[in-house]
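Report on the structure given below.
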Protein chains: 2
Amino acid sequence: MRTRPLKVALLGCGVVGSEVARIMTTHADDLTARIGAPVELAGVAVRRPDRVREGIAPELVTTDATALVKRGDIDVVVEVIGGIEPARSLITTAIEHGASVVSANKALLAQDGAALHAVAEQHGKDLYYEAAVAGAIPLIRPLRESLAGDKINRVMGIVNGTTNFILDKMDSTGAGYQEALDEATALGYAEADPTADVEGFDAAAKAAILAGIAFHTRVRLDDVYREGMTEVTAADFASAKEMGCTIKLLAICERAEDGAFVTARVHPAMIPLSHPLASVRGAYNAVFVESDAAGQLMFYGPGAGGSPTASAVLGDLVAVCRNRIGGATGPGESAYAALPVSPMGDVVTRYHISLDVADKPGVLAQVATVFAEHGVSIDTVRQSGKDGEASLVVVTHRASDAALTGTVEALRKLDTVRGVASIMRVEGE
Amino acid sequence: MRTRPLKVALLGCGVVGSEVARIMTTHADDLTARIGAPVELAGVAVRRPDRVREGIAPELVTTDATALVKRGDIDVVVEVIGGIEPARSLITTAIEHGASVVSANKALLAQDGAALHAVAEQHGKDLYYEAAVAGAIPLIRPLRESLAGDKINRVMGIVNGTTNFILDKMDSTGAGYQEALDEATALGYAEADPTADVEGFDAAAKAAILAGIAFHTRVRLDDVYREGMTEVTAADFASAKEMGCTIKLLAICERAEDGAFVTARVHPAMIPLSHPLASVRGAYNAVFVESDAAGQLMFYGPGAGGSPTASAVLGDLVAVCRNRIGGATGPGESAYAALPVSPMGDVVTRYHISLDVADKPGVLAQVATVFAEHGVSIDTVRQSGKDGEASLVVVTHRASDAALTGTVEALRKLDTVRGVASIMRVEGE
C-alpha cells in the first residue's frame, strides 16, 4: 500500500458536495483500504465561503476554483457544481493540469461530453460521471462495462424522480397535475421553478448520455425528442387504467429493428401495469435495459438526493484513484459505431388516441379510413356517447410517429371530429 | 489501436461456452472496437471432441485443457466448466502461466475464492466472475466498484431461478410443491436432480460470494446458513396471503445493526407484496441492496441461461482485455474488514409461526408465556378453531433466531400444543 495520499479537490459544497466531504472523512479508513492509498480532501471551492461547513477545515475552503484546479498536485477533481459554466472550463483546466475528474453534471455531459472526453483522452486522464444519471443507481458502469460484450437494443427508464412522484400521486389519488405538483413542491420533491423536470429537460440530458453509451454513438442533447408531462390529465390516467396501464414519463433510447439508426426521446407514455417500470413509486428511478444476450435487465433505486448522489460520486472516486495508482485509465468515450440518430418521425411505437366526435352513423368508418390511408393499423376501438356527443378511443398497432402525426392532422380536418382529446404513446408491451 | 490479437482459451463448450464462442465470432468487430484490439479464440477445451460445434474451427478443439492453459500465449482463459475440479487446477495453472481468468463458477468461487484471488494477485492477473452470481445481472461489478465508496448493510436477493419459478407457480396457481416442481422440470427450468436448487446449495454459494464482496470480509460457504424450500406448502402461501405477503427463497447477507458481525443465510421467507422482490416472477432473479448513502437499490434480470450468462462473461472478457492492454488489473479480493461471520442464532428477524393447539381456555396464555420467557415479543396472534382442534398463528417482533428456536422447543413441550405446523421468517419490512 502506498502512503502518499491522493489529493482530491471538491468543486461545490452544496447538498451533494457536503455529503461527499462528510463520507470522505467518516469513512476514511474504508476508502484507504479499498483504494490502496489514503485520500485527502485538499481543497473545496465554494461560492459563499462564509457559510459554516461542518467537518471541513476552514483553510481548505476557497472561492477561487480556477486556482484550485490549476494547483498541479490535485489527483482528482470532483465537480458537483452543475450547469455548463464555470463547470466546463474548470473540468477542462483540471484535466490539463493533470487531474482526473469525477462529475455529477448531466447537463454538461449531455451537451459537451464528446469534447470533455477528448480532453481527458488527450491527457490520459479519467472522466467518470456515474452520478449524472439516476443518482445512486449503478447505470453508466453496468452499461459501459458489464454489458460491453453485449448488444444493447433499448434503454427505457424513469430517470426523473420529481415527475415520477407527481405521476404516481396522480395515479394513486386521482389528483390533477397542478394539485400533485403542489404537493411535490411542498414536500421538497419539486423545485420552485419545476420547468427542468416537468418539461423533460432533465430527463432529456440523461437520455442523451445513456443513448451515447448504449449505442457507442454520439447523441447530442438536440437529438433527443422532448415532450413534458404538464398536459397529462386525470382523464388520461382513467384511460390508462381501462387499458391495464399507468402513465410514466419515460426516457427511451432505441436501436431501430433493422439496426440502421438509433433514436432518443422523452415523453409521457402508457405502460402496462405488469411491466417492471409500472411499479416504480414515488421519487424512485428505474431503468430497463434490453440487450441481445442478457435479455431484460432493470436497475432501480433513488435517482436524486445528497447521499445517493454522493454514493455514486464516491464509487467513481475510488475507481479513478485506483486507476491513478495503477497508472491506468478506465474506459473513455466509445463512439465508434457512429450510427445515425434519427428524428422522432422515425420512431415506431403504439398510440392511444381519444377523439371527441359527432354521435352519428358513419363516423367510425370515416375515422378508420383516415387511419388506413396513413398506413396506421388499428388494434382496438372503443366508442361511447350520449346526447349527440361521443368519444372514440383508438389504440393502434405499431406505426411510425410520422404516420401517426399525418393521421392526426387528417383527423382534425374531418367535420365529424370535434377535437383530439389526447394522444399518448403506449410502450413496454 | 494495437493489432496483435488477444488470445482467448475457452474451457467448456456447453450451453454457456458455445454462446460465448458464437458472440465472439459474430460480434468480433464490436469487441475489437470496445477492447481496442482484436480478440481471437485460440483454443476450446472440451470433454467430447466428436460433438459438432457450429462456428468453431475443428483445429481449435482439444480435450487437453491443461496443455491449453499452459501454452503461455493465452491472454485470457474463460472457464465455463463449473464444479470444483478440474476447474480449480486449470484456473490456477492458467494464472501461473500468465493468463487472466474469467469464470462463471459460483461453487468454486464460493469455496476457494480466497485462494484463487491470492494466486491472481501474486501473478498480477485478473480474476473476474460476474457470471457466477445472478447470470446476466450486473451485480459483482456494481457491488465492488459502483458502491466502493459506500457502506453496504444488506444484500437480499432471489438468486435462483428454478426455485423462484416453483414458488411463483405455487403462489399464482395454488399448486403444491411437487406439482410445481414437476412443471418446472417439464419446462426445463429444473434439472432431473433438482437438489442443488431446491435445497438452496446454489443460492448459498452465491450468498457467500455476495457477502464477501459486500462486507469486505471472507465468507466461506460453510458460514452460510442454508434451508431449502421443499417443505413450503400451499398452506404457507395461504398464510402469507393473509399477511399481505408472498414467499420467496431468499439469500440474505446482513451486517448486524451494531456493525459487530455479519451473517449470510438462505431460506424461504415471507415478504410483503409491496416489496420490489415480491413481484419478481418466473425464473427471473433480483437482488435488493441497502447501503448507508445510496439507500435501496435493486438489480433485476435473467439469472441463468446460455445467452444471459454469456453476456456477463463477455463483459468481463472486455474488461480483462482492456486491463491487459493498459498493463493494469482490476479490483481483486477486498477482505480487509475481516468482520466476524456469525451463525444463524445471531440473526435477528421476524417470524410467522403456525401452531396446532387444543381448543380450550388458557392455551393462548400458556403460549404467550413461553414467548415472553424467551424474550420474543409477539406482534399479532390469530386464533381459530372448531371441533376441539384449534390453530394459533403468531407473528413476532424482531428476535434472534436463537431465541426463536428456544421458544419453539419449549412450545413443543406444552401438552396443549399438538404440533408446530410451520415456522417462517418474515423479511423485507
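Scheme for the C-alpha cells: letters A, B, ... for chains in order shown; per-chain residue numbers from 1; ligand numbers from 1 in order shown.
Neighbours of Asn285 (chain A) closer than or equal to 6 Å, with only C-alpha atoms counted and sequence neighbours fewer than 2 positions away skipped, come out as Ile158, Val159, Gly161, Tyr300, Gly301, Pro302 and Gly303 of chain A.
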### Task
For region 312-329 of chain A, list every protein, DNA or RNA residue within 8 Å, evaluated using only C-alpha atoms, and leave out those in the same chain fewer than 6 positions away; present the list as a ChimeraX atom specification.
/A:6,20,31,34-36,75-76,78,100-104,124-126,128-131,135-138 /B:145-150,294,326-329
I need the residues from that last selection saved to file as an mmCIF file, in the first residue's frame (with N, CA and C atoms), if you can.
```cif
data_model
loop_
_atom_site.group_PDB
_atom_site.id
_atom_site.type_symbol
_atom_site.label_atom_id
_atom_site.label_comp_id
_atom_site.auth_asym_id
_atom_site.auth_seq_id
_atom_site.Cartn_x
_atom_site.Cartn_y
_atom_site.Cartn_z
ATOM 1 N N LEU A 6 -3.723 10.469 -2.004
ATOM 2 C CA LEU A 6 -4.250 11.060 -3.232
ATOM 3 C C LEU A 6 -5.012 12.315 -2.841
ATOM 4 N N VAL A 20 -20.351 14.331 0.118
ATOM 5 C CA VAL A 20 -19.105 13.709 -0.348
ATOM 6 C C VAL A 20 -17.993 13.970 0.669
ATOM 7 N N LEU A 31 -12.119 3.868 2.761
ATOM 8 C CA LEU A 31 -11.690 4.341 1.443
ATOM 9 C C LEU A 31 -10.214 4.024 1.224
ATOM 10 N N ARG A 34 -9.886 0.369 0.387
ATOM 11 C CA ARG A 34 -10.450 -0.008 -0.907
ATOM 12 C C ARG A 34 -9.647 0.555 -2.077
ATOM 13 N N ILE A 35 -9.063 1.722 -1.839
ATOM 14 C CA ILE A 35 -8.279 2.349 -2.902
ATOM 15 C C ILE A 35 -6.850 1.810 -2.911
ATOM 16 N N GLY A 36 -6.343 1.528 -1.733
ATOM 17 C CA GLY A 36 -4.940 1.132 -1.642
ATOM 18 C C GLY A 36 -4.040 2.307 -1.292
ATOM 19 N N ASP A 75 -4.956 15.145 -7.533
ATOM 20 C CA ASP A 75 -5.123 13.898 -8.290
ATOM 21 C C ASP A 75 -6.502 13.796 -8.928
ATOM 22 N N VAL A 76 -7.517 14.144 -8.145
ATOM 23 C CA VAL A 76 -8.883 14.009 -8.659
ATOM 24 C C VAL A 76 -9.687 15.253 -8.311
ATOM 25 N N VAL A 78 -13.455 16.603 -8.086
ATOM 26 C CA VAL A 78 -14.858 16.185 -8.034
ATOM 27 C C VAL A 78 -15.711 17.410 -8.294
ATOM 28 N N SER A 100 -7.594 13.760 -12.767
ATOM 29 C CA SER A 100 -8.742 13.038 -13.293
ATOM 30 C C SER A 100 -9.986 13.691 -12.714
ATOM 31 N N VAL A 101 -11.122 13.430 -13.334
ATOM 32 C CA VAL A 101 -12.332 14.144 -12.935
ATOM 33 C C VAL A 101 -13.486 13.186 -12.682
ATOM 34 N N VAL A 102 -14.197 13.460 -11.594
ATOM 35 C CA VAL A 102 -15.475 12.797 -11.325
ATOM 36 C C VAL A 102 -16.529 13.894 -11.316
ATOM 37 N N SER A 103 -17.568 13.720 -12.113
ATOM 38 C CA SER A 103 -18.588 14.758 -12.226
ATOM 39 C C SER A 103 -19.978 14.157 -12.058
ATOM 40 N N ALA A 104 -20.893 14.990 -11.556
ATOM 41 C CA ALA A 104 -22.290 14.562 -11.439
ATOM 42 C C ALA A 104 -23.160 15.410 -12.361
ATOM 43 N N GLY A 124 -4.655 11.541 -21.076
ATOM 44 C CA GLY A 124 -4.551 10.256 -20.386
ATOM 45 C C GLY A 124 -5.166 10.263 -18.995
ATOM 46 N N LYS A 125 -6.269 10.975 -18.851
ATOM 47 C CA LYS A 125 -6.920 11.074 -17.544
ATOM 48 C C LYS A 125 -8.340 10.499 -17.620
ATOM 49 N N ASP A 126 -8.867 10.163 -16.456
ATOM 50 C CA ASP A 126 -10.223 9.629 -16.397
ATOM 51 C C ASP A 126 -11.264 10.738 -16.293
ATOM 52 N N TYR A 128 -15.168 10.359 -15.149
ATOM 53 C CA TYR A 128 -16.240 9.449 -14.710
ATOM 54 C C TYR A 128 -17.458 10.268 -14.294
ATOM 55 N N TYR A 129 -18.654 9.736 -14.489
ATOM 56 C CA TYR A 129 -19.862 10.528 -14.179
ATOM 57 C C TYR A 129 -21.075 9.656 -13.906
ATOM 58 N N GLU A 130 -20.862 8.607 -13.100
ATOM 59 C CA GLU A 130 -21.978 7.725 -12.707
ATOM 60 C C GLU A 130 -23.128 8.515 -12.096
ATOM 61 N N ALA A 131 -22.815 9.538 -11.324
ATOM 62 C CA ALA A 131 -23.851 10.286 -10.605
ATOM 63 C C ALA A 131 -24.685 11.176 -11.523
ATOM 64 N N GLY A 135 -28.854 9.175 -10.203
ATOM 65 C CA GLY A 135 -28.298 9.252 -8.852
ATOM 66 C C GLY A 135 -27.472 8.051 -8.449
ATOM 67 N N ALA A 136 -27.928 7.365 -7.419
ATOM 68 C CA ALA A 136 -27.146 6.269 -6.838
ATOM 69 C C ALA A 136 -27.195 4.999 -7.671
ATOM 70 N N ILE A 137 -28.094 4.916 -8.628
ATOM 71 C CA ILE A 137 -28.244 3.648 -9.343
ATOM 72 C C ILE A 137 -27.044 3.403 -10.237
ATOM 73 N N PRO A 138 -26.335 2.296 -10.024
ATOM 74 C CA PRO A 138 -25.234 1.979 -10.938
ATOM 75 C C PRO A 138 -25.804 1.742 -12.331
ATOM 76 N N GLU B 145 -17.460 -2.061 -7.333
ATOM 77 C CA GLU B 145 -16.944 -0.826 -7.925
ATOM 78 C C GLU B 145 -17.902 0.356 -7.697
ATOM 79 N N SER B 146 -19.144 0.236 -8.171
ATOM 80 C CA SER B 146 -20.048 1.388 -8.047
ATOM 81 C C SER B 146 -20.276 1.764 -6.590
ATOM 82 N N LEU B 147 -20.385 0.761 -5.717
ATOM 83 C CA LEU B 147 -20.659 1.034 -4.307
ATOM 84 C C LEU B 147 -19.391 1.013 -3.458
ATOM 85 N N ALA B 148 -18.238 1.139 -4.116
ATOM 86 C CA ALA B 148 -16.964 1.055 -3.395
ATOM 87 C C ALA B 148 -16.773 2.208 -2.417
ATOM 88 N N GLY B 149 -17.504 3.288 -2.574
ATOM 89 C CA GLY B 149 -17.384 4.409 -1.647
ATOM 90 C C GLY B 149 -18.509 4.441 -0.633
ATOM 91 N N ASP B 150 -19.305 3.410 -0.603
ATOM 92 C CA ASP B 150 -20.476 3.373 0.261
ATOM 93 C C ASP B 150 -20.318 2.237 1.270
ATOM 94 N N ALA B 294 -26.410 5.236 -0.572
ATOM 95 C CA ALA B 294 -27.258 5.042 -1.760
ATOM 96 C C ALA B 294 -28.695 4.748 -1.376
ATOM 97 N N GLY B 326 -3.828 -2.135 -21.043
ATOM 98 C CA GLY B 326 -3.363 -0.990 -20.263
ATOM 99 C C GLY B 326 -2.313 -1.353 -19.232
ATOM 100 N N GLY B 327 -1.987 -2.645 -19.153
ATOM 101 C CA GLY B 327 -0.984 -3.071 -18.176
ATOM 102 C C GLY B 327 -1.470 -2.943 -16.742
ATOM 103 N N ALA B 328 -2.775 -3.029 -16.558
ATOM 104 C CA ALA B 328 -3.340 -2.852 -15.213
ATOM 105 C C ALA B 328 -4.128 -4.094 -14.811
ATOM 106 N N THR B 329 -4.547 -4.114 -13.569
ATOM 107 C CA THR B 329 -5.503 -5.132 -13.151
ATOM 108 C C THR B 329 -6.663 -4.428 -12.471
#
```
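When the distance limit is 10 Å and only C-alpha atoms are what count, the residues near region 403-409 of chain B, minus those fewer than 6 positions from it on the same chain, are B:Gly345, B:Asp346, B:Val347, B:Val348, B:Thr349, B:Arg350, B:Tyr351, B:Ile353, B:Leu355, B:Val367, B:Thr369, B:Val370, B:Phe371, B:Ala372, B:Glu373, B:His374, B:Gly375, B:Val376, B:Thr396, B:Val420, B:Ile423.
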### Task
Identify, on the basis of only C-alpha atoms, every residue whose closest approach to region 65-68 of chain B does not exceed 7 Å; exclude the query and any residue fewer than 4 positions from it along the same chain; express the result as JSON, numbers by chain.
{"B": [11, 43, 45, 90]}
### Task
Write out as a ChimeraX atom specification each polymer residue whose atoms come within 12 Å of Arg220 (chain A), counting only C-alpha atoms; drop sequence neighbours fewer than 6 positions from it.
/A:107-115,204-213,263-265,340-343
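Residues with any atom within 7 Å of Cys245 (chain A), counting only C-alpha atoms and excluding same-chain neighbours fewer than 2 positions away, are Ala240, Lys241, Met243, Ile247, Met270, Ile271, Pro272 and Leu273 of chain A.
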#### Entry: Interatomic distance (Å, one decimal) between CA of Lys413 (chain B) and CA of Asp401 (chain B)
18.8 Å
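Ranking A:Ala338, A:Leu167, A:Ala310, A:Val357 by their shortest atom-to-atom distance to chain B, with only C-alpha atoms included, puts A:Ala310 first.
For region 51-121 of chain A, the set of residues given strand (DSSP E) by DSSP on the backbone reads A:Val61, A:Thr62, A:Val76, A:Val77, A:Val78, A:Glu79, A:Ser100, A:Val101, A:Val102, A:Ser103.
Take the candidates A:Leu60, A:Val393, A:Cys253, A:Leu127 and check each one against Arg154 (chain A) using only C-alpha atoms; the shortest distance goes to A:Cys253.
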### Task
Determine which residues of region 59-161 of chain B receive a DSSP assignment of helix (DSSP H, G or I), computed from the backbone, and state them as number ranges by chain.
B: 59-60, 65-70, 87-96, 106-122, 130-132, 140-146, 161
### Query
When you draw a straight line from CA of Arg218 (chain B) to CA of Tyr336 (chain B), how long is it in Å?
8.8 Å
